[in-house]
Each structure stands twice: as structure tokens, then as C-alpha cells.
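Below is run-v1.cif, which holds mmCIF, C-alpha atoms.
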```cif
data_data
#
loop_
_atom_site.label_atom_id
_atom_site.label_comp_id
_atom_site.auth_asym_id
_atom_site.auth_seq_id
_atom_site.Cartn_x
_atom_site.Cartn_y
_atom_site.Cartn_z
CA MET P 1 106.64 114.16 68.15
CA ILE P 2 107.67 117.80 68.16
CA ASP P 3 106.68 120.40 65.57
CA ILE P 4 109.00 120.34 62.52
CA LYS P 5 108.78 124.13 62.39
CA PHE P 6 110.03 124.34 66.00
CA LEU P 7 112.92 121.99 65.18
CA ARG P 8 113.76 123.99 62.06
CA GLU P 9 113.94 127.23 64.04
CA ASN P 10 115.48 125.80 67.25
CA PRO P 11 117.88 122.98 66.32
CA ASP P 12 120.23 123.76 69.21
CA LYS P 13 117.41 123.57 71.75
CA VAL P 14 116.32 120.21 70.33
CA LYS P 15 119.90 118.91 70.53
CA GLU P 16 120.26 120.15 74.12
CA ASN P 17 117.04 118.32 74.99
CA ILE P 18 118.42 115.12 73.47
CA LYS P 19 121.57 115.51 75.58
CA LYS P 20 119.46 115.99 78.73
CA LYS P 21 117.85 112.64 77.98
CA PHE P 22 121.27 111.04 77.50
CA GLN P 23 120.43 109.96 73.95
CA ASP P 24 123.47 111.43 72.19
CA HIS P 25 123.22 108.78 69.47
CA LYS P 26 120.14 110.68 68.24
CA LEU P 27 121.94 114.02 67.81
CA PRO P 28 122.74 113.43 64.09
CA LEU P 29 119.00 112.98 63.46
CA VAL P 30 118.42 116.73 63.93
CA ASP P 31 120.71 117.80 61.07
CA GLU P 32 119.54 114.88 58.96
CA VAL P 33 115.87 115.78 59.26
CA ILE P 34 116.59 119.48 58.62
CA GLU P 35 118.27 118.57 55.29
CA LEU P 36 115.47 116.19 54.32
CA ASP P 37 112.84 118.74 55.26
CA LYS P 38 114.61 121.38 53.17
CA GLU P 39 114.70 119.01 50.18
CA ARG P 40 111.03 118.09 50.74
CA ARG P 41 109.98 121.75 50.74
CA GLU P 42 112.04 122.49 47.63
CA VAL P 43 110.41 119.58 45.80
CA GLN P 44 106.98 120.79 46.91
CA VAL P 45 107.66 124.36 45.74
CA GLU P 46 108.92 123.16 42.35
CA ALA P 47 105.97 120.81 41.92
CA ASP P 48 103.48 123.57 42.79
CA LYS P 49 105.21 125.89 40.34
CA ILE P 50 104.93 123.35 37.52
CA ARG P 51 101.27 122.72 38.33
CA ASN P 52 100.52 126.45 38.19
CA GLU P 53 102.40 126.82 34.90
CA LYS P 54 100.64 123.77 33.51
CA ASN P 55 97.24 125.33 34.29
CA LYS P 56 98.24 128.60 32.59
CA ILE P 57 99.59 126.78 29.52
CA SER P 58 96.45 124.66 29.24
CA LYS P 59 94.37 127.84 29.08
CA GLN P 60 96.81 129.24 26.49
CA ILE P 61 96.36 126.15 24.30
CA GLY P 62 92.60 126.65 24.36
CA VAL P 63 92.95 130.26 23.27
CA LEU P 64 95.36 129.35 20.42
CA MET P 65 93.09 126.57 19.19
CA ALA P 66 90.13 128.95 19.23
CA GLN P 67 92.15 131.36 17.13
CA GLY P 68 93.04 128.64 14.64
CA LYS P 69 96.75 128.74 15.54
CA LYS P 70 97.21 124.95 15.60
CA GLU P 71 100.99 124.93 15.01
CA GLU P 72 101.60 127.29 17.90
CA ALA P 73 99.24 125.23 20.03
CA GLU P 74 101.20 122.06 19.24
CA GLU P 75 104.46 123.74 20.28
CA VAL P 76 102.92 124.72 23.60
CA LYS P 77 101.65 121.13 24.05
CA LYS P 78 105.24 119.89 23.77
CA LYS P 79 106.21 122.14 26.69
CA VAL P 80 103.32 120.66 28.70
CA ALA P 81 104.56 117.13 27.96
CA GLU P 82 108.10 118.02 29.06
CA SER P 83 106.90 119.56 32.32
CA ALA P 84 104.55 116.60 32.95
CA ALA P 85 107.51 114.21 33.07
CA ARG P 86 109.28 116.39 35.63
CA LEU P 87 106.07 116.78 37.64
CA LYS P 88 105.63 113.01 37.77
CA GLU P 89 109.20 112.64 39.05
CA LEU P 90 108.58 115.24 41.77
CA GLU P 91 105.20 113.78 42.77
CA GLU P 92 106.82 110.37 43.24
CA LYS P 93 109.57 111.93 45.34
CA GLU P 94 107.28 113.99 47.61
CA PRO P 95 105.71 111.11 49.63
CA VAL P 96 109.08 109.35 49.96
CA LEU P 97 110.65 112.45 51.51
CA GLU P 98 107.59 113.06 53.70
CA GLU P 99 107.80 109.52 55.06
CA LYS P 100 111.54 109.87 55.76
CA VAL P 101 110.98 113.15 57.63
CA LYS P 102 108.09 111.67 59.62
CA SER P 103 110.08 108.54 60.50
CA ILE P 104 112.99 110.56 61.89
CA MET P 105 110.75 113.05 63.69
CA MET P 106 109.06 110.17 65.51
CA ARG P 107 112.46 109.12 66.90
CA ILE P 108 113.40 112.57 68.23
CA PRO P 109 112.24 112.94 71.88
CA ASN P 110 109.67 115.50 72.96
CA ILE P 111 110.88 118.69 74.66
CA ILE P 112 110.78 118.06 78.41
CA ASP P 113 109.49 120.63 80.88
CA ASP P 114 112.08 122.96 82.44
CA SER P 115 111.15 121.66 85.90
CA VAL P 116 112.24 118.09 85.11
CA PRO P 117 115.44 117.14 87.01
CA VAL P 118 118.32 116.03 84.79
CA GLY P 119 119.42 112.47 85.46
CA LYS P 120 120.55 109.40 83.52
CA ASP P 121 118.05 106.79 84.71
CA ASP P 122 115.45 105.95 87.37
CA SER P 123 118.14 105.76 90.06
CA GLU P 124 118.32 109.56 89.81
CA ASN P 125 114.59 110.21 90.20
CA VAL P 126 113.81 112.72 92.95
CA GLU P 127 111.47 112.18 95.89
CA VAL P 128 108.91 114.99 96.11
CA GLU P 129 106.59 114.23 99.04
CA ARG P 130 105.47 111.46 101.38
CA PHE P 131 101.87 110.79 102.39
CA GLY P 132 101.14 108.68 105.46
CA GLU P 133 103.57 107.29 108.00
CA PRO P 134 105.53 104.23 106.78
CA VAL P 135 105.31 101.56 109.47
CA VAL P 136 107.36 98.40 109.98
CA PRO P 137 105.42 96.07 112.35
CA ASP P 138 107.11 94.03 115.08
CA PHE P 139 106.22 90.74 113.33
CA GLU P 140 107.66 89.26 110.15
CA ILE P 141 105.82 90.01 106.92
CA PRO P 142 106.01 87.11 104.42
CA TYR P 143 106.56 87.46 100.67
CA HIS P 144 103.29 88.47 98.98
CA THR P 145 102.63 85.07 97.35
CA ASP P 146 103.03 83.43 100.76
CA ILE P 147 100.50 85.85 102.26
CA ILE P 148 98.05 85.11 99.45
CA ASP P 149 98.64 81.36 99.71
CA ARG P 150 97.46 81.44 103.35
CA PHE P 151 94.03 82.35 101.91
CA SER P 152 94.27 79.63 99.22
CA GLY P 153 94.16 82.62 96.90
CA ILE P 154 96.75 81.92 94.21
CA ASP P 155 97.71 79.15 91.79
CA LEU P 156 100.90 79.96 89.89
CA ASP P 157 101.75 76.35 89.00
CA SER P 158 98.54 75.75 87.03
CA ALA P 159 98.86 79.16 85.36
CA ARG P 160 102.39 78.21 84.29
CA ASP P 161 101.05 74.97 82.76
CA VAL P 162 98.25 76.82 80.97
CA ALA P 163 100.00 80.00 79.77
CA GLY P 164 103.64 79.99 80.93
CA ASN P 165 105.55 82.20 83.33
CA GLY P 166 104.14 85.63 84.13
CA PHE P 167 100.50 84.51 84.53
CA TYR P 168 98.40 83.60 87.57
CA TYR P 169 95.10 82.35 88.93
CA LEU P 170 93.63 84.39 91.78
CA VAL P 171 91.05 82.51 93.84
CA GLY P 172 88.37 83.13 96.46
CA ASP P 173 88.67 86.11 98.81
CA ILE P 174 91.85 87.31 97.11
CA ALA P 175 90.18 87.33 93.70
CA ARG P 176 87.24 89.17 95.24
CA LEU P 177 89.60 91.67 96.86
CA HIS P 178 91.27 92.23 93.48
CA SER P 179 87.90 93.01 91.85
CA ALA P 180 86.76 95.09 94.84
CA VAL P 181 89.77 97.41 94.50
CA LEU P 182 88.98 97.93 90.81
CA ALA P 183 85.30 98.61 91.51
CA TYR P 184 86.19 101.04 94.30
CA ALA P 185 88.70 102.84 92.05
CA ARG P 186 86.07 103.10 89.29
CA ASP P 187 83.52 104.71 91.62
CA PHE P 188 86.21 106.89 93.22
CA MET P 189 87.00 108.43 89.82
CA ILE P 190 83.34 108.73 88.81
CA ASP P 191 82.83 110.74 92.00
CA LYS P 192 85.66 113.02 90.82
CA GLY P 193 83.61 113.79 87.71
CA PHE P 194 85.32 111.41 85.28
CA THR P 195 83.30 109.46 82.70
CA TYR P 196 83.63 105.67 82.97
CA VAL P 197 84.64 103.86 79.77
CA ILE P 198 85.41 100.28 78.78
CA PRO P 199 87.52 100.55 75.59
CA PRO P 200 88.67 98.05 72.93
CA TYR P 201 91.46 95.80 74.14
CA MET P 202 93.13 95.71 70.72
CA ILE P 203 94.30 98.60 68.55
CA ARG P 204 95.67 99.07 65.04
CA SER P 205 99.29 99.92 64.25
CA ASP P 206 98.56 103.57 63.37
CA VAL P 207 97.18 104.05 66.89
CA VAL P 208 100.14 102.22 68.47
CA THR P 209 102.67 104.49 66.75
CA GLY P 210 100.50 107.46 67.65
CA VAL P 211 100.49 106.88 71.40
CA MET P 212 104.00 105.59 72.12
CA SER P 213 107.62 105.57 70.98
CA PHE P 214 109.10 102.77 68.89
CA GLU P 215 111.27 101.70 71.84
CA GLU P 216 108.21 101.31 74.10
CA MET P 217 106.30 99.50 71.35
CA GLU P 218 109.03 96.90 70.88
CA ALA P 219 109.44 96.34 74.63
CA MET P 220 105.73 96.18 75.49
CA MET P 221 103.31 95.25 72.73
CA TYR P 222 102.00 91.82 71.72
CA LYS P 223 101.03 91.66 68.03
CA ILE P 224 98.15 89.53 66.75
CA GLU P 225 99.69 87.30 64.09
CA GLY P 226 98.41 87.92 60.57
CA GLU P 227 96.37 90.99 61.53
CA ASP P 228 97.01 94.70 61.94
CA LEU P 229 96.13 94.50 65.64
CA TYR P 230 98.03 94.76 68.91
CA LEU P 231 96.93 93.89 72.47
CA ILE P 232 96.91 97.06 74.56
CA GLY P 233 99.50 97.54 77.30
CA THR P 234 97.19 100.03 79.04
CA SER P 235 93.75 101.44 78.28
CA GLU P 236 95.33 104.85 77.65
CA HIS P 237 96.32 103.52 74.22
CA SER P 238 92.79 102.92 72.98
CA MET P 239 91.34 105.84 74.95
CA ILE P 240 93.60 108.39 73.21
CA GLY P 241 93.23 106.47 69.94
CA ARG P 242 89.48 107.05 70.13
CA PHE P 243 90.12 110.62 68.97
CA ILE P 244 92.40 109.87 66.02
CA ASN P 245 91.83 112.33 63.13
CA LYS P 246 89.08 114.08 65.12
CA MET P 247 88.31 117.76 65.66
CA VAL P 248 87.11 118.55 69.19
CA ASP P 249 85.17 121.71 69.97
CA GLU P 250 87.00 123.79 72.56
CA ASP P 251 83.88 124.22 74.70
CA LYS P 252 83.82 120.43 75.29
CA LEU P 253 87.25 120.46 76.94
CA PRO P 254 88.48 119.10 79.20
CA LEU P 255 87.51 115.52 78.35
CA THR P 256 88.04 113.44 81.49
CA PHE P 257 87.75 109.65 81.40
CA THR P 258 88.42 106.75 83.73
CA SER P 259 88.80 103.48 81.87
CA TYR P 260 89.02 99.83 82.84
CA SER P 261 90.91 97.21 80.87
CA PRO P 262 93.09 94.16 81.07
CA CYS P 263 96.65 95.04 80.07
CA PHE P 264 99.12 92.86 78.19
CA ARG P 265 102.89 93.42 78.31
CA LYS P 266 105.94 91.47 77.18
CA GLU P 267 108.00 92.61 80.21
CA LYS P 268 111.26 91.47 78.60
CA GLY P 269 114.42 90.83 80.58
CA ALA P 270 115.43 88.99 83.72
CA HIS P 271 113.86 90.03 86.98
CA GLY P 272 114.89 89.64 90.61
CA ILE P 273 113.03 87.89 93.39
CA GLU P 274 111.09 91.02 94.32
CA GLU P 275 109.55 91.06 90.83
CA ARG P 276 108.25 87.48 90.90
CA GLY P 277 104.78 86.34 91.92
CA ILE P 278 102.28 88.95 90.73
CA TYR P 279 104.61 91.97 90.69
CA ARG P 280 105.86 91.84 87.08
CA ILE P 281 103.46 89.90 84.89
CA HIS P 282 102.28 89.63 81.29
CA GLN P 283 98.60 90.19 82.05
CA PHE P 284 96.94 92.38 84.65
CA GLU P 285 93.94 94.68 85.10
CA LYS P 286 93.99 98.40 85.65
CA GLN P 287 91.82 101.44 86.25
CA GLU P 288 93.25 104.38 84.33
CA MET P 289 92.49 108.08 84.05
CA VAL P 290 92.90 110.02 80.80
CA VAL P 291 92.50 113.76 80.19
CA ILE P 292 92.38 115.69 76.91
CA CYS P 293 92.57 119.43 77.50
CA LYS P 294 93.72 122.85 76.32
CA PRO P 295 97.52 123.36 76.42
CA GLU P 296 97.33 126.03 79.11
CA ASP P 297 95.41 123.66 81.43
CA SER P 298 97.57 120.54 81.15
CA MET P 299 99.92 121.18 84.09
CA GLU P 300 96.98 121.91 86.38
CA TRP P 301 95.40 118.61 85.36
CA TYR P 302 98.73 116.84 85.82
CA ASP P 303 98.82 117.87 89.49
CA LYS P 304 95.17 116.94 90.02
CA MET P 305 95.61 113.50 88.49
CA TRP P 306 98.52 112.23 90.57
CA SER P 307 96.89 113.68 93.71
CA TYR P 308 93.79 111.53 93.04
CA THR P 309 95.94 108.39 93.08
CA VAL P 310 97.56 109.45 96.35
CA GLU P 311 94.12 110.10 97.85
CA LEU P 312 92.86 106.68 96.80
CA PHE P 313 95.82 104.81 98.29
CA ARG P 314 95.58 106.74 101.54
CA SER P 315 91.88 105.85 101.78
CA LEU P 316 93.03 102.20 101.77
CA ASP P 317 95.59 102.80 104.55
CA VAL P 318 98.61 102.49 102.26
CA PRO P 319 101.43 105.06 102.76
CA VAL P 320 102.79 106.43 99.48
CA ARG P 321 105.30 108.90 98.12
CA THR P 322 105.65 110.78 94.84
CA LEU P 323 108.84 110.56 92.81
CA GLU P 324 109.69 113.08 90.07
CA CYS P 325 111.01 111.20 87.03
CA CYS P 326 114.34 112.57 85.81
CA SER P 327 115.08 113.37 82.17
CA GLY P 328 116.71 110.04 81.37
CA ASP P 329 113.78 108.08 82.81
CA LEU P 330 111.15 109.83 80.67
CA ALA P 331 109.77 108.01 77.62
CA ASP P 332 110.31 109.99 74.42
CA LEU P 333 106.77 111.40 74.19
CA LYS P 334 106.60 112.62 77.79
CA VAL P 335 106.98 116.24 78.89
CA LYS P 336 106.86 115.49 82.62
CA SER P 337 106.09 112.43 84.74
CA VAL P 338 105.73 111.46 88.39
CA ASP P 339 105.65 107.95 89.85
CA VAL P 340 103.47 107.09 92.81
CA GLU P 341 105.21 104.54 95.02
CA ALA P 342 103.65 102.51 97.84
CA TRP P 343 105.36 101.58 101.09
CA SER P 344 106.44 97.95 101.49
CA PRO P 345 106.82 97.08 105.18
CA ARG P 346 108.45 93.78 104.20
CA GLN P 347 111.16 95.39 102.04
CA LYS P 348 111.29 98.53 104.19
CA LYS P 349 111.19 100.68 101.06
CA TYR P 350 108.78 102.11 98.50
CA PHE P 351 107.97 100.53 95.14
CA GLU P 352 106.16 101.83 92.05
CA VAL P 353 102.40 101.31 91.81
CA GLY P 354 101.47 103.98 89.27
CA SER P 355 102.69 106.73 86.99
CA CYS P 356 101.20 110.07 85.93
CA SER P 357 102.37 111.64 82.65
CA ASN P 358 101.86 114.86 80.73
CA LEU P 359 102.59 114.24 77.03
CA GLY P 360 101.96 117.79 75.82
CA ASP P 361 100.79 117.76 72.19
CA ALA P 362 103.01 114.79 71.13
CA GLN P 363 100.23 112.19 70.91
CA ALA P 364 97.80 114.72 69.46
CA ARG P 365 100.29 115.63 66.71
CA ARG P 366 100.85 111.99 65.79
CA LEU P 367 97.14 111.14 65.86
CA LYS P 368 95.96 114.50 64.48
CA ILE P 369 93.72 115.31 67.45
CA ARG P 370 92.83 118.96 66.99
CA VAL P 371 90.74 121.50 68.84
CA LYS P 372 88.54 124.11 67.19
CA GLY P 373 88.60 127.30 69.25
CA GLU P 374 85.69 129.68 69.68
CA ASP P 375 87.52 132.09 67.36
CA GLY P 376 87.71 129.42 64.65
CA ASN P 377 91.43 128.80 65.08
CA LYS P 378 92.59 125.19 65.26
CA TYR P 379 95.30 123.82 67.53
CA LEU P 380 96.55 120.53 68.97
CA ALA P 381 95.14 119.24 72.25
CA HIS P 382 97.28 118.16 75.20
CA THR P 383 96.92 114.60 76.53
CA LEU P 384 97.63 113.17 79.98
CA ASN P 385 97.29 109.76 81.59
CA ASN P 386 97.64 108.32 85.07
CA THR P 387 97.24 104.99 86.81
CA VAL P 388 94.37 105.06 89.27
CA VAL P 389 95.17 101.56 90.44
CA ALA P 390 96.63 98.33 89.03
CA PRO P 391 95.45 95.68 91.53
CA PRO P 392 98.02 92.90 91.15
CA ARG P 393 100.84 95.25 92.12
CA MET P 394 98.64 97.40 94.33
CA LEU P 395 97.43 94.18 95.99
CA ILE P 396 100.96 93.57 97.28
CA ALA P 397 101.03 96.98 98.97
CA PHE P 398 97.50 96.52 100.32
CA LEU P 399 98.19 93.08 101.82
CA GLU P 400 101.50 94.07 103.42
CA ASN P 401 100.14 97.28 104.95
CA ASN P 402 96.89 95.72 106.24
CA LEU P 403 98.35 92.45 107.52
CA ASN P 404 97.91 91.53 111.19
CA ALA P 405 100.20 89.36 113.33
CA ASP P 406 97.65 86.51 113.26
CA GLY P 407 97.70 86.48 109.43
CA SER P 408 94.33 88.20 108.98
CA ILE P 409 93.90 91.18 106.65
CA ASN P 410 92.08 94.37 107.67
CA ILE P 411 89.57 95.73 105.15
CA PRO P 412 89.48 99.56 105.30
CA LYS P 413 86.04 101.14 105.61
CA ALA P 414 86.14 102.52 102.07
CA LEU P 415 86.48 99.01 100.66
CA GLN P 416 84.08 97.16 102.95
CA PRO P 417 80.94 97.78 100.81
CA TYR P 418 82.75 96.09 97.88
CA MET P 419 83.66 93.09 100.06
CA GLY P 420 80.18 92.28 101.28
CA GLY P 421 80.65 94.25 104.47
CA LYS P 422 83.63 92.20 105.64
CA GLU P 423 85.97 93.97 108.05
CA LYS P 424 88.65 91.29 107.93
CA LEU P 425 89.83 88.41 105.79
CA ILE P 426 90.68 85.30 107.81
CA PRO P 427 93.32 82.92 106.42
CA THR P 428 92.28 79.36 105.60
CA LYS P 429 95.75 77.96 106.28
#
```
Using the file provided, produce a representation of the structure as C-alpha cells.
Amino acid sequence: MIDIKFLRENPDKVKENIKKKFQDHKLPLVDEVIELDKERREVQVEADKIRNEKNKISKQIGVLMAQGKKEEAEEVKKKVAESAARLKELEEKEPVLEEKVKSIMMRIPNIIDDSVPVGKDDSENVEVERFGEPVVPDFEIPYHTDIIDRFSGIDLDSARDVAGNGFYYLVGDIARLHSAVLAYARDFMIDKGFTYVIPPYMIRSDVVTGVMSFEEMEAMMYKIEGEDLYLIGTSEHSMIGRFINKMVDEDKLPLTFTSYSPCFRKEKGAHGIEERGIYRIHQFEKQEMVVICKPEDSMEWYDKMWSYTVELFRSLDVPVRTLECCSGDLADLKVKSVDVEAWSPRQKKYFEVGSCSNLGDAQARRLKIRVKGEDGNKYLAHTLNNTVVAPPRMLIAFLENNLNADGSINIPKALQPYMGGKEKLIPTK
């Protein structure tokens, strides 16, 4: 959510930003919110004026009564009664207008960074850099569920009976590998100086609307029936929500966290064959990184954060590339975002395994996360988040890139301590 004062003073810039995001249907919202905001401020000014006059008149009544001028005092009381009716009308109108302004402002996208390429959707995202040499071996690489099945490591049929499509059982060495990747990612981020956190897996609606757009909320979130609680789609939601309505001392910034959680997502819509198995699912686990910092430091942290994910994947012998998200592919709260994509030797292309986002002060404004500077001035923090690793999807990249012709899987040195010292996984089938 952008600053209403900025919108008021720069309506053309806000409209141009909306056009860059190919959301022309939202253009009328700018003029609409300007008119509502003007009415809201006029109501507030009139209400404040009546309150001030009411206070003065009340003192005047006291003086008149003390002087024995009861008739004059009664006349003044009539004026107070007349103004009280108008004040009540204005006070009832104020919160209604405030809510209307807030509702519209939450639908207007954040101002994207000037460096973001303009494009309509993810097909126009721009490759930035490749890390590691993508290799296609001289033997056929099976679909990821077939690789896992050779290790008796997956049971989709039973999961479908228990919970429906989009769920899975991981078993044996594959389940251990899944947990090992998470444990390695946790320690990797701790070694980078991040504080490890396990957050709540459910959040209230005021936190949901504080951390994401309405469109994302509808597409992602599962609501707990009969309660004001939602299952988190990523630990970023509850990690940022931890600071709702809080004042943070500037000398404590930056706050750097790495958090573990299961994640729950609706994942609506039909999906192709490449998104079956454990690629696009309703439940998965993830190691996340979250940073809360001063505005002038957020872009520096943005570059650090995605580079950590690249470093982790390369330590597990997985080639990756970074992809700059274009304007039309950015969620409404994001200022700038980059996807990290892993190489798939089977598909002979890259696929998304993580995303790093700078949200500027959008989440902080919605959640009222403020910073108290050394000079006593208060300002909004900047928030950033990035996927360290999400093993079900990352597992696909890991298995394909570490698969041998005989069906065995190499375990990179960095991961061996988390796999009981094993250097290879040997298939059971």
C-alpha cells in the first residue's frame, strides 16, 4: 500500500505505474480515492472545528452561569445542542470514509523500482545470470516420481485416499533426504548470521491483509472454518506479522531471520504434466529468509538474499539462473523481485525453485511496523523475503542433477553429514 500523500501529490505517476503492471482496470481507483480522501479530510476539518467551538462555548456557559446570566446561558446551550447533532453526523461519517479510502488504497499496486523491466506476464521475465554449467547426461532421466519410486520413496495413491490430490507420502531415504536439505538450509542461513525461528502456522485476517494483496489471498489461503484464522502459505506471513503495530529501535536493524514452516496453498487451476507429482502441491515445507531493515539498506539486502540461495544450490551441485520478474509478473505489494530457477536435465530447461522480493514499506504501512530513529523521528521499515529452499520442488532439481546412469543418487559433501555420512543413495528397485 502506497502513501496516500504520495498518491495525492503524484496521481499521474501512480496511474503510469498501474499501466506498467497492465492493470488498466484499476486506473479509475486513483481519481476515486482522491475524491474520497478529499471528502474525508473536509469532514475531519469540520468535525475538529465543531469540537473546538464546543469546548469554547462550554467554557462560556460556565462563565455566564457564574455571573447569574441564566437566560443567556440557556441560549448558548441551544447552540451546543445544534452543533452536537452535526458533530454526531460527521463522527459517524468519518470511519466510513476512512474504511473506503483504505479499501481502495489496498487495491492500488505499489510503485515498482525503475530497474524493473516492463512486461505483461512471466513469459517476459528477463534472464540475468547463470551459475554452474547446465548438463544433459547421455542417459535418459525419468520423471521425478519415477526416480523417487525406484527408492520406494513415494506413495501418492494413499495420500490421495487420505487427503485428495496435491498431497504425498515421502518414505525412507527420500524422506530423509527431504529433511536433510531443510536442516542443511537452516544451518547454512544460521552461518550467514540469521536468527532461526519456528513461527505460528496460522495467522489472523488482519495479518493476512497486511502481508499480501487480495488477489494473492484468494488464490492461496486456506481459511479455518468458524475462526478468524488462516493457514500460512509461507512463513514470511507470520514472520512479518510478528511485528504488527510495533515500534522497532533503529539501532536493532537490520532484523535478519531464517524460518522453517509447512506451507499450505490452494494452487487453483489446471496444471500440466510437468506440475504433477510433488511439483505443485497443497502442502510442502520451506526454509525462508526474512529481513526488516532501513529503507536505504533494502536493495543491498535484496542482492545479498538471492545470492545466498544461489550459493546454497551450487553447494548441492545444482546449476541455477536468476530471472528478473517483469512489471506484469510482480504481485501488487512488490517493488522488485527475482526468481531463482534450477536446471532440469530431463526437461532441458530451468524451472522456478525460489523467489526473492523487496516489498519496500508496503507491508510495514499495512501492519504499522515503524522504526524509531536515533533522532527521535519515526518512519516505516522496509521488508524483504526470499526462499532459501522448498524441498519438494528443490528435491526434483536435486535428484535430476545428481542422478547416475545406474539409478543411484550422489550426495554432495555439504549434505553428507545430514545423511548419516552416505555418499550415495542406492535404489531398492
Starting from the shown file, work through the PyMOL selection byres ((chain P and resi 334-350) around 7) and note down what comes out as a PyMOL selection string. chain P and resi 110-113+116+134-136+141+318-325+330-333+351-360+397+400-401
Interatomic distance, atom CA of P:Glu296 to atom CA of P:Lys192 (Å, one decimal):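 Computing it gives 21.0 Å between the two atoms.
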Take atom CA of P:Asp249 and atom CA of P:Lys102 and report the distance between them in Å, one decimal. 27.1 Å
Of the candidates P:Ser123, P:Ser158, P:Thr309, P:Ser327, which shows the shortest atom-to-atom distance to P:Pro109, using all atoms listed in the file? P:Ser327
On this structure, the PyMOL selection byres ((chain P and resi 121) around 12) would catch which residues? List them as a ChimeraX atom specification, sorted by chain and number. /P:20-23,117-120,122-126,324-331
Which residues fall under the PyMOL selection byres ((chain P and resi 410-421) around 10) in this file, as a ChimeraX atom specification? /P:173,176-177,179-185,188,312,315-317,398-399,401-404,407-409,422-426
Give, as AutoDock Vina command-line options, the centre coordinates and the x, y and z edge lengths in Å to one decimal for an axis-aligned box around all listed atoms of stretch 306-316 of chain P, padded by 4 Å on each side.
```
--center_x 95.2 --center_y 107.9 --center_z 96.2 --size_x 14.6 --size_y 19.5 --size_z 19.2
```
Hey, can you check how far atom CA of P:His144 sits from atom CA of P:Glu311?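 Answer for the atom CA of P:His144 to atom CA of P:Glu311 separation: 23.5 Å.
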For P:Gly373, which of P:Thr387, P:Tyr279, P:Arg204, P:Lys294 is the closest residue, counting all atoms listed in the file?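 Of P:Thr387, P:Tyr279, P:Arg204, P:Lys294, the one nearest P:Gly373, counting all atoms listed in the file, is P:Lys294.
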Determine the nearest neighbour of P:Asp297 from the options P:Val45, P:Ile281, P:Leu255, P:Val389, counting only C-alpha atoms.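 Using only C-alpha atoms, the shortest distance to P:Asp297 belongs to P:Leu255.
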Using all atoms listed in the file and a cutoff of 7 Å, can you tell me which residues are near (94.8, 96.2, 83.2) in the file's coordinates, and write them out as a ChimeraX atom specification? /P:234,260-263,284-287,390
Just want the 8 Å neighbourhood of P:Val290, counted on only C-alpha atoms, with same-chain residues fewer than 4 positions away dropped. Output as a PyMOL selection string. chain P and resi 236+239-240+256-259+383-386
Take stretch 355-361 of chain P, bring it up to all heavy atoms, and give me the output as a compact mmCIF listing (two decimals), keeping the file's coordinate frame.
```txt
# COMPACT_ATOMS: atom_id res chain seq x y z
N SER P 355 101.92 105.65 87.61
CA SER P 355 102.69 106.73 86.99
C SER P 355 101.75 107.71 86.32
O SER P 355 100.80 107.31 85.64
CB SER P 355 103.65 106.13 85.96
OG SER P 355 104.48 107.14 85.41
N CYS P 356 102.00 109.00 86.52
CA CYS P 356 101.20 110.07 85.93
C CYS P 356 102.08 110.83 84.93
O CYS P 356 103.19 111.23 85.27
CB CYS P 356 100.70 111.02 87.01
SG CYS P 356 99.74 112.43 86.38
N SER P 357 101.56 111.03 83.71
CA SER P 357 102.37 111.64 82.65
C SER P 357 101.61 112.72 81.89
O SER P 357 100.44 112.55 81.55
CB SER P 357 102.85 110.57 81.66
OG SER P 357 103.62 109.60 82.30
N ASN P 358 102.34 113.81 81.62
CA ASN P 358 101.86 114.86 80.73
C ASN P 358 102.64 114.71 79.43
O ASN P 358 103.86 114.79 79.41
CB ASN P 358 102.10 116.24 81.34
CG ASN P 358 101.52 117.37 80.51
OD1 ASN P 358 101.26 117.22 79.32
ND2 ASN P 358 101.32 118.52 81.13
N LEU P 359 101.94 114.47 78.31
CA LEU P 359 102.59 114.24 77.03
C LEU P 359 102.52 115.45 76.11
O LEU P 359 102.88 115.36 74.93
CB LEU P 359 101.99 113.01 76.34
CG LEU P 359 102.23 111.72 77.13
CD1 LEU P 359 100.96 111.28 77.84
CD2 LEU P 359 102.76 110.62 76.25
N GLY P 360 102.06 116.60 76.66
CA GLY P 360 101.96 117.79 75.82
C GLY P 360 101.11 117.51 74.59
O GLY P 360 100.07 116.85 74.69
N ASP P 361 101.57 117.99 73.42
CA ASP P 361 100.79 117.76 72.19
C ASP P 361 101.38 116.64 71.34
O ASP P 361 101.02 116.47 70.17
CB ASP P 361 100.70 119.04 71.37
CG ASP P 361 102.06 119.56 70.89
OD1 ASP P 361 103.06 118.83 71.04
OD2 ASP P 361 102.11 120.69 70.38
```
